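Asks: Quick one: the structure is below, and I'll ask about it shortly.
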Amino acid sequence: MEKIWRFRHQQFVERFGWEALRRSDGREIDQFDHEQALHLVLFCKDAVVGYSRLLPTTEPHLLSDIYPHIMNGQAWPRAPEIYEWTRCVAAEGAVLINQIPASHVLMTGVMEFCLVAGITSLIVETHPKLVDLLISTGWEVTKLSLPSVLGQELIMPIQAKPSLGGLMQHHRLYSIEASTLSLEPELRNPLRPEVTLGHLRFLAPARVRPAHKNDEAYLADREVSSC
């Protein structure tokens with residue numbers, strides 16, 4: 001978690017300039033990093049190169065406690081199987097995992113995790129351009145309200161639903177051939193703690209692409225991702 005806090009501070013404060021989140025200890029932590037928060041982390045070797053956080057909508061989350069005004073008085077989806085998707089970011093630069101950009105692996109991993117855990121949809125507050133990206137990569141998107149101006153940026157609340165078809169579209173678009181998830185044995189399903197999480201049956205276990213002596217783009221010291 002120390003690596004996560006520092007990665008978030010580096011990305012959102014130092015890189016994107018979210019000064020309200022700045023802390024003297026270089027760790028970006030907020031009130032929503034509670035025990036029910038799900039942290040999906042993308043690793044290359046021991047370094048964090050991507051991250052997303054999922055928050056249960058049955059508990060306080062960003063839309064309920066920070067940005068409710070962007071709904072313009074309308075209600076938003078809430079249920080145990082609906083989570084809020086926040087703090088999604090990949091490291092700056094051309095970080096490759098098996099020749100695939102880290103951001104592509106991260107986005108695929110989020111959808112795969114939702115399907116594995118039984119999360120039926122995510123609510124997201126994001127820029128309209130990213131809404132178009134989600135639609136083009138296989139998410140079923142419902143716009144919950146019109147865009148609002150937050151600071152100097154446009155933000156739109158949406159509901160994004162994962163699907164097996166969407167996951168396969170991610171695999172086709174990004175040339176991903178196997179699971180992106182590293183699931184520890186006995187890892188419990190956050191929706192049903194009596195059940196352990198397991199990989200989707202039709203996906204092969206994640207594997208590292210072997211290096212080729214003529215493959216200049218391949219980074220031999222990169223390991224497979226784990227979300």
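Chain lettering (A, B, ...) mirrors the order of the structure tokens, residue numbering begins at 1 for each chain separately, and ligand numbering begins at 1 in order of display.
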Might you pull out every residue within 12 Å of Val195 (chain A), with only C-alpha atoms counted and same-chain residues fewer than 4 positions away left off, and present them as a list in words?

Replies: Val116, Ala117, Gly118, Pro185, Glu186, Leu187, Arg188, Asn189, Pro190 and Leu191 of chain A

Asks: For those residues, write all heavy atoms to a file as a JSON list (two decimals), in the first residue's frame.

Replies:
[["chain", "number", "residue", "atom", "x", "y", "z"],
["A", 116, "VAL", "N", -14.99, -11.35, -13.01],
["A", 116, "VAL", "CA", -14.60, -12.39, -12.05],
["A", 116, "VAL", "C", -15.34, -12.22, -10.73],
["A", 116, "VAL", "O", -15.79, -13.19, -10.11],
["A", 116, "VAL", "CB", -13.07, -12.35, -11.83],
["A", 116, "VAL", "CG1", -12.68, -13.11, -10.57],
["A", 116, "VAL", "CG2", -12.34, -12.92, -13.04],
["A", 117, "ALA", "N", -15.48, -10.97, -10.27],
["A", 117, "ALA", "CA", -16.07, -10.71, -8.96],
["A", 117, "ALA", "C", -17.58, -10.61, -8.98],
["A", 117, "ALA", "O", -18.22, -10.63, -7.93],
["A", 117, "ALA", "CB", -15.48, -9.42, -8.39],
["A", 118, "GLY", "N", -18.19, -10.48, -10.18],
["A", 118, "GLY", "CA", -19.63, -10.32, -10.26],
["A", 118, "GLY", "C", -20.08, -8.88, -10.10],
["A", 118, "GLY", "O", -21.26, -8.62, -9.77],
["A", 185, "PRO", "N", -4.22, -17.47, -3.92],
["A", 185, "PRO", "CA", -5.11, -18.54, -3.43],
["A", 185, "PRO", "C", -5.91, -18.07, -2.22],
["A", 185, "PRO", "O", -5.41, -17.31, -1.39],
["A", 185, "PRO", "CB", -4.13, -19.65, -3.06],
["A", 185, "PRO", "CG", -2.91, -19.38, -3.87],
["A", 185, "PRO", "CD", -2.82, -17.89, -3.99],
["A", 186, "GLU", "N", -7.15, -18.48, -2.17],
["A", 186, "GLU", "CA", -8.05, -18.15, -1.06],
["A", 186, "GLU", "C", -8.42, -16.66, -1.01],
["A", 186, "GLU", "O", -8.92, -16.18, 0.02],
["A", 186, "GLU", "CB", -7.45, -18.57, 0.29],
["A", 186, "GLU", "CG", -7.10, -20.04, 0.39],
["A", 186, "GLU", "CD", -8.31, -20.95, 0.10],
["A", 186, "GLU", "OE1", -9.40, -20.62, 0.60],
["A", 186, "GLU", "OE2", -8.14, -21.94, -0.61],
["A", 187, "LEU", "N", -8.20, -15.93, -2.11],
["A", 187, "LEU", "CA", -8.63, -14.54, -2.16],
["A", 187, "LEU", "C", -10.15, -14.51, -2.23],
["A", 187, "LEU", "O", -10.76, -15.09, -3.12],
["A", 187, "LEU", "CB", -8.03, -13.83, -3.38],
["A", 187, "LEU", "CG", -8.38, -12.35, -3.55],
["A", 187, "LEU", "CD1", -7.81, -11.54, -2.40],
["A", 187, "LEU", "CD2", -7.83, -11.83, -4.87],
["A", 188, "ARG", "N", -10.79, -13.83, -1.30],
["A", 188, "ARG", "CA", -12.24, -13.84, -1.16],
["A", 188, "ARG", "C", -12.91, -12.83, -2.09],
["A", 188, "ARG", "O", -12.39, -11.76, -2.34],
["A", 188, "ARG", "CB", -12.64, -13.55, 0.29],
["A", 188, "ARG", "CG", -12.17, -14.62, 1.27],
["A", 188, "ARG", "CD", -12.89, -15.93, 1.04],
["A", 188, "ARG", "NE", -12.30, -17.03, 1.81],
["A", 188, "ARG", "CZ", -12.82, -18.25, 1.85],
["A", 188, "ARG", "NH1", -13.92, -18.52, 1.16],
["A", 188, "ARG", "NH2", -12.24, -19.21, 2.55],
["A", 189, "ASN", "N", -14.07, -13.23, -2.58],
["A", 189, "ASN", "CA", -14.86, -12.35, -3.42],
["A", 189, "ASN", "C", -15.42, -11.22, -2.54],
["A", 189, "ASN", "O", -16.06, -11.49, -1.53],
["A", 189, "ASN", "CB", -16.01, -13.13, -4.06],
["A", 189, "ASN", "CG", -16.77, -12.33, -5.09],
["A", 189, "ASN", "OD1", -17.06, -11.16, -4.90],
["A", 189, "ASN", "ND2", -17.09, -12.97, -6.21],
["A", 190, "PRO", "N", -15.19, -9.94, -2.91],
["A", 190, "PRO", "CA", -15.68, -8.84, -2.06],
["A", 190, "PRO", "C", -17.20, -8.79, -1.98],
["A", 190, "PRO", "O", -17.75, -8.28, -1.00],
["A", 190, "PRO", "CB", -15.12, -7.60, -2.75],
["A", 190, "PRO", "CG", -14.86, -8.02, -4.16],
["A", 190, "PRO", "CD", -14.47, -9.46, -4.08],
["A", 191, "LEU", "N", -17.90, -9.33, -2.97],
["A", 191, "LEU", "CA", -19.36, -9.33, -2.94],
["A", 191, "LEU", "C", -19.91, -10.52, -2.17],
["A", 191, "LEU", "O", -20.97, -10.44, -1.56],
["A", 191, "LEU", "CB", -19.93, -9.35, -4.36],
["A", 191, "LEU", "CG", -20.06, -8.01, -5.07],
["A", 191, "LEU", "CD1", -18.69, -7.41, -5.37],
["A", 191, "LEU", "CD2", -20.88, -8.14, -6.34]]

Asks: Kindly provide the residues of region 3-105 of chain A that approach region 171-177 of chain A to within 12 Å, each paired with its closest atom pair and their distance in Å to one decimal, based on only C-alpha atoms, listed by chain and increasing number, as a Markdown table.

Replies:
| residue | atom | partner | partner_atom | distance |
| --- | --- | --- | --- | --- |
| A:Leu96 | CA | A:Tyr174 | CA | 11.8 |
| A:Ile97 | CA | A:Ile176 | CA | 10.2 |
| A:Asn98 | CA | A:Ile176 | CA | 9.0 |
| A:Gln99 | CA | A:Ser175 | CA | 9.3 |
| A:Ile100 | CA | A:Tyr174 | CA | 6.9 |
| A:Pro101 | CA | A:Tyr174 | CA | 8.5 |
| A:Ala102 | CA | A:Tyr174 | CA | 10.5 |
| A:Ser103 | CA | A:Tyr174 | CA | 10.1 |
| A:His104 | CA | A:Tyr174 | CA | 6.5 |
| A:Val105 | CA | A:Ile176 | CA | 7.9 |

Asks: With C-alpha atoms retained, export the selected residues as a CSV table (one decimal), in the first residue's frame.

Replies:
chain,number,residue,atom,x,y,z
A,96,LEU,CA,5.2,-2.0,-22.1
A,97,ILE,CA,4.1,-5.3,-20.7
A,98,ASN,CA,4.6,-8.1,-23.2
A,99,GLN,CA,4.8,-5.3,-25.8
A,100,ILE,CA,1.4,-4.0,-24.8
A,101,PRO,CA,1.1,-0.4,-23.3
A,102,ALA,CA,0.4,-0.5,-19.6
A,103,SER,CA,-2.7,1.6,-19.9
A,104,HIS,CA,-4.3,-1.1,-22.2
A,105,VAL,CA,-3.5,-3.9,-19.7

Asks: Check the smallest atom-to-atom distance from each of A:Ile123, A:Val41, A:Leu134, A:Val48 to His61 (chain A) using only C-alpha atoms, then report the winner.

Replies: A:Ile123

Asks: Quote the spacing between CA of Gln10 (chain A) and CA of Glu28 (chain A) in Å to one decimal place.

Replies: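 Going from CA of Gln10 (chain A) over to CA of Glu28 (chain A), I get 8.4 Å.
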
Asks: Which is closest to Pro56 (chain A) among A:Ser121, A:Gln36, A:Gln11, A:Gln159, if we use only C-alpha atoms?

Replies: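 Of A:Ser121, A:Gln36, A:Gln11, A:Gln159, the one nearest Pro56 (chain A), counting only C-alpha atoms, is A:Gln36.
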
Asks: Expressed in Å to a single decimal, how great is the separation between CA of Leu63 (chain A) and CA of Leu146 (chain A)?

Replies: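 Those two atoms sit 14.4 Å apart.
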
Asks: May I have the residues within 12 Å of Leu55 (chain A) as number ranges by chain, using only C-alpha atoms and disregarding those fewer than 6 positions away in the same chain?

Replies: A: 31-40, 61-64, 78-87, 119, 121-124, 190-191

Asks: For Ser145 (chain A), please output as an mmCIF file with N, CA and C atoms, in the first residue's frame all residues within 12 Å (counting only C-alpha atoms; exclusion window: fewer than 3 positions along the same chain).

Replies:
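Final output, out13.cif:
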data_model
loop_
_atom_site.group_PDB
_atom_site.id
_atom_site.type_symbol
_atom_site.label_atom_id
_atom_site.label_comp_id
_atom_site.auth_asym_id
_atom_site.auth_seq_id
_atom_site.Cartn_x
_atom_site.Cartn_y
_atom_site.Cartn_z
ATOM 1 N N PRO A 68 -22.060 15.275 -5.661
ATOM 2 C CA PRO A 68 -23.476 14.974 -5.932
ATOM 3 C C PRO A 68 -24.144 16.019 -6.803
ATOM 4 N N HIS A 69 -23.621 17.260 -6.806
ATOM 5 C CA HIS A 69 -24.243 18.334 -7.576
ATOM 6 C C HIS A 69 -24.167 18.099 -9.079
ATOM 7 N N ILE A 70 -23.208 17.267 -9.552
ATOM 8 C CA ILE A 70 -23.105 17.049 -10.997
ATOM 9 C C ILE A 70 -24.248 16.178 -11.516
ATOM 10 N N MET A 71 -25.036 15.600 -10.610
ATOM 11 C CA MET A 71 -26.210 14.824 -11.024
ATOM 12 C C MET A 71 -27.436 15.713 -11.237
ATOM 13 N N ASN A 72 -27.303 16.998 -10.924
ATOM 14 C CA ASN A 72 -28.398 17.947 -11.148
ATOM 15 C C ASN A 72 -29.717 17.479 -10.531
ATOM 16 N N GLY A 73 -29.609 16.957 -9.310
ATOM 17 C CA GLY A 73 -30.794 16.551 -8.580
ATOM 18 C C GLY A 73 -31.291 15.152 -8.864
ATOM 19 N N GLN A 74 -30.670 14.452 -9.811
ATOM 20 C CA GLN A 74 -31.107 13.102 -10.142
ATOM 21 C C GLN A 74 -30.413 12.064 -9.246
ATOM 22 N N ALA A 75 -31.059 10.923 -9.096
ATOM 23 C CA ALA A 75 -30.462 9.834 -8.326
ATOM 24 C C ALA A 75 -29.458 9.084 -9.194
ATOM 25 N N TRP A 76 -28.549 8.371 -8.556
ATOM 26 C CA TRP A 76 -27.575 7.562 -9.267
ATOM 27 C C TRP A 76 -27.684 6.115 -8.814
ATOM 28 N N ILE A 123 -19.951 3.092 -11.755
ATOM 29 C CA ILE A 123 -20.253 4.485 -12.022
ATOM 30 C C ILE A 123 -18.931 5.243 -12.053
ATOM 31 N N VAL A 124 -18.825 6.169 -12.987
ATOM 32 C CA VAL A 124 -17.573 6.883 -13.219
ATOM 33 C C VAL A 124 -17.882 8.352 -13.445
ATOM 34 N N GLU A 125 -17.094 9.234 -12.841
ATOM 35 C CA GLU A 125 -17.165 10.655 -13.132
ATOM 36 C C GLU A 125 -15.922 10.980 -13.953
ATOM 37 N N THR A 126 -16.096 11.295 -15.225
ATOM 38 C CA THR A 126 -14.946 11.415 -16.103
ATOM 39 C C THR A 126 -15.206 12.432 -17.205
ATOM 40 N N PRO A 128 -15.859 13.758 -20.984
ATOM 41 C CA PRO A 128 -16.616 13.171 -22.100
ATOM 42 C C PRO A 128 -15.747 12.428 -23.118
ATOM 43 N N THR A 142 -24.056 4.199 -20.079
ATOM 44 C CA THR A 142 -25.252 5.015 -19.935
ATOM 45 C C THR A 142 -24.854 6.339 -19.301
ATOM 46 N N SER A 148 -20.768 18.654 -16.558
ATOM 47 C CA SER A 148 -20.651 19.822 -15.693
ATOM 48 C C SER A 148 -19.212 20.314 -15.736
ATOM 49 N N ILE A 155 -16.780 17.319 -16.696
ATOM 50 C CA ILE A 155 -16.922 16.021 -16.056
ATOM 51 C C ILE A 155 -18.347 15.524 -16.269
ATOM 52 N N MET A 156 -18.472 14.234 -16.556
ATOM 53 C CA MET A 156 -19.780 13.641 -16.810
ATOM 54 C C MET A 156 -19.920 12.358 -15.992
ATOM 55 N N PRO A 157 -21.024 12.190 -15.262
ATOM 56 C CA PRO A 157 -21.250 10.932 -14.561
ATOM 57 C C PRO A 157 -21.878 9.903 -15.500
ATOM 58 N N ILE A 158 -21.331 8.698 -15.491
ATOM 59 C CA ILE A 158 -21.831 7.643 -16.364
ATOM 60 C C ILE A 158 -21.918 6.336 -15.580
ATOM 61 N N GLN A 159 -22.616 5.383 -16.165
ATOM 62 C CA GLN A 159 -22.630 4.011 -15.669
ATOM 63 C C GLN A 159 -22.068 3.135 -16.788
#

Asks: From the DSSP assignment of the backbone, select every residue of region 56-143 of chain A that is strand (DSSP E), and format the answer as a list in words.

Replies: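 Strand (DSSP E) members of region 56-143 of chain A, listed: Pro56, Ile82, Tyr83, Glu84, Trp85, Thr86, Arg87, Cys88, Val89, Ala90, Leu96, Ile97, Ile100, Pro101, Ser121, Leu122, Ile123, Val124, Glu125, Thr126, Glu140, Val141, Thr142 and Lys143 of chain A.
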
Asks: Which residues are close to Glu92 (chain A), i.e. within 9 Å by only C-alpha atoms, leaving aside same-chain residues fewer than 3 positions away? Reply as a list in words.

Replies: Gln11, Arg15, Val49, Val89 and Val95 of chain A

Asks: Using only C-alpha atoms, which of A:Lys161, A:Phe7, A:Ser136, A:Ala94 sits nearest Thr120 (chain A)?

Replies: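 Looking only at the distances to Thr120 (chain A), the closest residue turns out to be A:Lys161.
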
Asks: Just the residues within 10 Å of Leu21 (chain A), please, counting only C-alpha atoms, with nothing from its chain fewer than 5 positions along; format it as a list in words.

Replies: Arg8, His9, Phe12, Val13, Glu14, Gly26, Arg27, Glu28, Ile29 and Asp30 of chain A

Asks: What would the file look like if the residues just selected were written as a short mmCIF file (atom, residue, chain, number, x, y, z; two decimals), in the first residue's frame with N, CA, C and O atoms?

Replies:
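Below is the file out_11.cif, written as the result:
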data_model
loop_
_atom_site.label_atom_id
_atom_site.label_comp_id
_atom_site.auth_asym_id
_atom_site.auth_seq_id
_atom_site.Cartn_x
_atom_site.Cartn_y
_atom_site.Cartn_z
N ARG A 8 0.12 7.17 -6.43
CA ARG A 8 -1.01 8.08 -6.62
C ARG A 8 -0.58 9.53 -6.44
O ARG A 8 -1.00 10.42 -7.20
N HIS A 9 0.24 9.81 -5.46
CA HIS A 9 0.71 11.18 -5.24
C HIS A 9 1.55 11.64 -6.43
O HIS A 9 1.40 12.77 -6.92
N PHE A 12 -1.21 11.99 -9.56
CA PHE A 12 -2.30 12.95 -9.49
C PHE A 12 -1.86 14.33 -8.99
O PHE A 12 -2.45 15.34 -9.38
N VAL A 13 -0.83 14.36 -8.15
CA VAL A 13 -0.36 15.65 -7.63
C VAL A 13 0.79 16.18 -8.47
O VAL A 13 0.71 17.27 -9.05
N GLU A 14 1.89 15.41 -8.56
CA GLU A 14 3.07 15.90 -9.27
C GLU A 14 2.84 15.97 -10.78
O GLU A 14 3.29 16.92 -11.43
N GLY A 26 4.21 12.87 0.74
CA GLY A 26 4.23 12.29 -0.59
C GLY A 26 3.35 11.06 -0.75
O GLY A 26 3.57 10.25 -1.65
N ARG A 27 2.28 10.97 0.07
CA ARG A 27 1.36 9.83 0.02
C ARG A 27 -0.04 10.37 -0.22
O ARG A 27 -0.54 11.14 0.59
N GLU A 28 -0.68 9.97 -1.31
CA GLU A 28 -2.04 10.43 -1.62
C GLU A 28 -3.04 9.44 -1.05
O GLU A 28 -3.21 8.34 -1.55
N ILE A 29 -3.70 9.84 0.02
CA ILE A 29 -4.68 9.01 0.73
C ILE A 29 -5.90 9.89 1.01
O ILE A 29 -5.75 11.07 1.34
N ASP A 30 -7.09 9.33 0.89
CA ASP A 30 -8.28 10.10 1.24
C ASP A 30 -9.21 9.27 2.11
O ASP A 30 -8.92 8.13 2.47
#

Asks: Set the distance at 8 Å and use only C-alpha atoms: which residues neighbour His199 (chain A) once local chain neighbours fewer than 2 positions away are removed? I'd like the list as a ChimeraX atom specification.

Replies: /A:116,179,181,183,197,201,203

Asks: Just the selected residues (N, CA, C and O atoms), exported as a PDB file, in the first residue's frame, please.

Replies:
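After the write, part.pdb holds the following:
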ATOM      1  N   VAL A 116     -14.991 -11.346 -13.005  1.00  0.00           N
ATOM      2  CA  VAL A 116     -14.602 -12.386 -12.049  1.00  0.00           C
ATOM      3  C   VAL A 116     -15.341 -12.216 -10.726  1.00  0.00           C
ATOM      4  O   VAL A 116     -15.790 -13.188 -10.115  1.00  0.00           O
ATOM      5  N   SER A 179      -5.264 -14.133 -19.358  1.00  0.00           N
ATOM      6  CA  SER A 179      -5.749 -13.355 -18.219  1.00  0.00           C
ATOM      7  C   SER A 179      -4.740 -12.274 -17.847  1.00  0.00           C
ATOM      8  O   SER A 179      -3.533 -12.444 -17.993  1.00  0.00           O
ATOM      9  N   LEU A 181      -4.975 -11.066 -14.690  1.00  0.00           N
ATOM     10  CA  LEU A 181      -5.092 -11.067 -13.232  1.00  0.00           C
ATOM     11  C   LEU A 181      -4.167 -12.070 -12.564  1.00  0.00           C
ATOM     12  O   LEU A 181      -4.035 -13.206 -13.021  1.00  0.00           O
ATOM     13  N   LEU A 183      -4.338 -13.750  -9.100  1.00  0.00           N
ATOM     14  CA  LEU A 183      -5.231 -13.921  -7.946  1.00  0.00           C
ATOM     15  C   LEU A 183      -4.586 -14.855  -6.941  1.00  0.00           C
ATOM     16  O   LEU A 183      -4.285 -16.010  -7.252  1.00  0.00           O
ATOM     17  N   LEU A 197     -12.227 -16.056  -5.205  1.00  0.00           N
ATOM     18  CA  LEU A 197     -12.163 -15.575  -6.585  1.00  0.00           C
ATOM     19  C   LEU A 197     -11.394 -16.561  -7.448  1.00  0.00           C
ATOM     20  O   LEU A 197     -10.394 -17.134  -7.016  1.00  0.00           O
ATOM     21  N   ARG A 201     -12.986 -19.188 -16.918  1.00  0.00           N
ATOM     22  CA  ARG A 201     -12.568 -20.505 -17.387  1.00  0.00           C
ATOM     23  C   ARG A 201     -11.972 -20.495 -18.787  1.00  0.00           C
ATOM     24  O   ARG A 201     -11.121 -21.317 -19.114  1.00  0.00           O
ATOM     25  N   LEU A 203     -10.118 -18.226 -20.189  1.00  0.00           N
ATOM     26  CA  LEU A 203      -8.868 -17.498 -20.336  1.00  0.00           C
ATOM     27  C   LEU A 203      -7.702 -18.322 -19.804  1.00  0.00           C
ATOM     28  O   LEU A 203      -7.770 -18.854 -18.693  1.00  0.00           O
TER      29      LEU A 203
END

Asks: Counting only C-alpha atoms, which residues of region 88-135 of chain A fall within 8 Å of region 164-170 of chain A, and what is the closest atom pair for each with its distance in Å at one decimal, ordered by chain and rising number, as CSV?

Replies:
residue,atom,partner,partner_atom,distance
A:Thr108,CA,A:His170,CA,6.0
A:Met111,CA,A:Leu167,CA,6.5
A:Glu112,CA,A:Leu167,CA,6.6
A:Leu115,CA,A:Leu164,CA,7.6

Asks: Using all heavy atoms, can you write the selected residues to a file as a tab-separated table (two decimals), in the first residue's frame?

Replies:
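Final file, part_13.tsv:
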chain	number	residue	atom	x	y	z
A	108	THR	N	-8.07	-3.39	-19.41
A	108	THR	CA	-8.55	-4.76	-19.60
A	108	THR	C	-8.68	-5.47	-18.26
A	108	THR	O	-9.65	-6.20	-18.01
A	108	THR	CB	-7.61	-5.54	-20.52
A	108	THR	OG1	-7.46	-4.82	-21.76
A	108	THR	CG2	-8.14	-6.94	-20.81
A	111	MET	N	-11.92	-4.54	-16.37
A	111	MET	CA	-13.10	-5.23	-16.86
A	111	MET	C	-13.08	-6.70	-16.47
A	111	MET	O	-14.10	-7.26	-16.04
A	111	MET	CB	-13.24	-5.10	-18.38
A	111	MET	CG	-14.51	-5.77	-18.91
A	111	MET	SD	-14.80	-5.62	-20.69
A	111	MET	CE	-15.48	-3.98	-20.81
A	112	GLU	N	-11.92	-7.34	-16.60
A	112	GLU	CA	-11.82	-8.76	-16.24
A	112	GLU	C	-12.14	-8.97	-14.77
A	112	GLU	O	-12.85	-9.91	-14.39
A	112	GLU	CB	-10.43	-9.30	-16.58
A	112	GLU	CG	-10.31	-10.80	-16.34
A	112	GLU	CD	-8.92	-11.34	-16.63
A	112	GLU	OE1	-8.10	-10.62	-17.23
A	112	GLU	OE2	-8.66	-12.50	-16.24
A	115	LEU	N	-15.86	-8.91	-14.06
A	115	LEU	CA	-16.52	-10.15	-14.46
A	115	LEU	C	-16.21	-11.28	-13.49
A	115	LEU	O	-17.08	-12.09	-13.16
A	115	LEU	CB	-16.08	-10.53	-15.87
A	115	LEU	CG	-16.51	-9.54	-16.98
A	115	LEU	CD1	-15.88	-9.93	-18.30
A	115	LEU	CD2	-18.03	-9.51	-17.11

Asks: Let's see if you can do this: from backbone DSSP, list all helix (DSSP H, G or I) residues in region 28-168 of chain A, as a PyMOL selection string.

Replies: chain A and resi 62-65+68-71+102-117+128-136+164-168

Asks: Please, what distance in Å, to one decimal, runs between CA of Met107 (chain A) and CA of Thr137 (chain A)?

Replies: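 Atom-to-atom, CA of Met107 (chain A) and CA of Thr137 (chain A) are spaced 9.3 Å apart.
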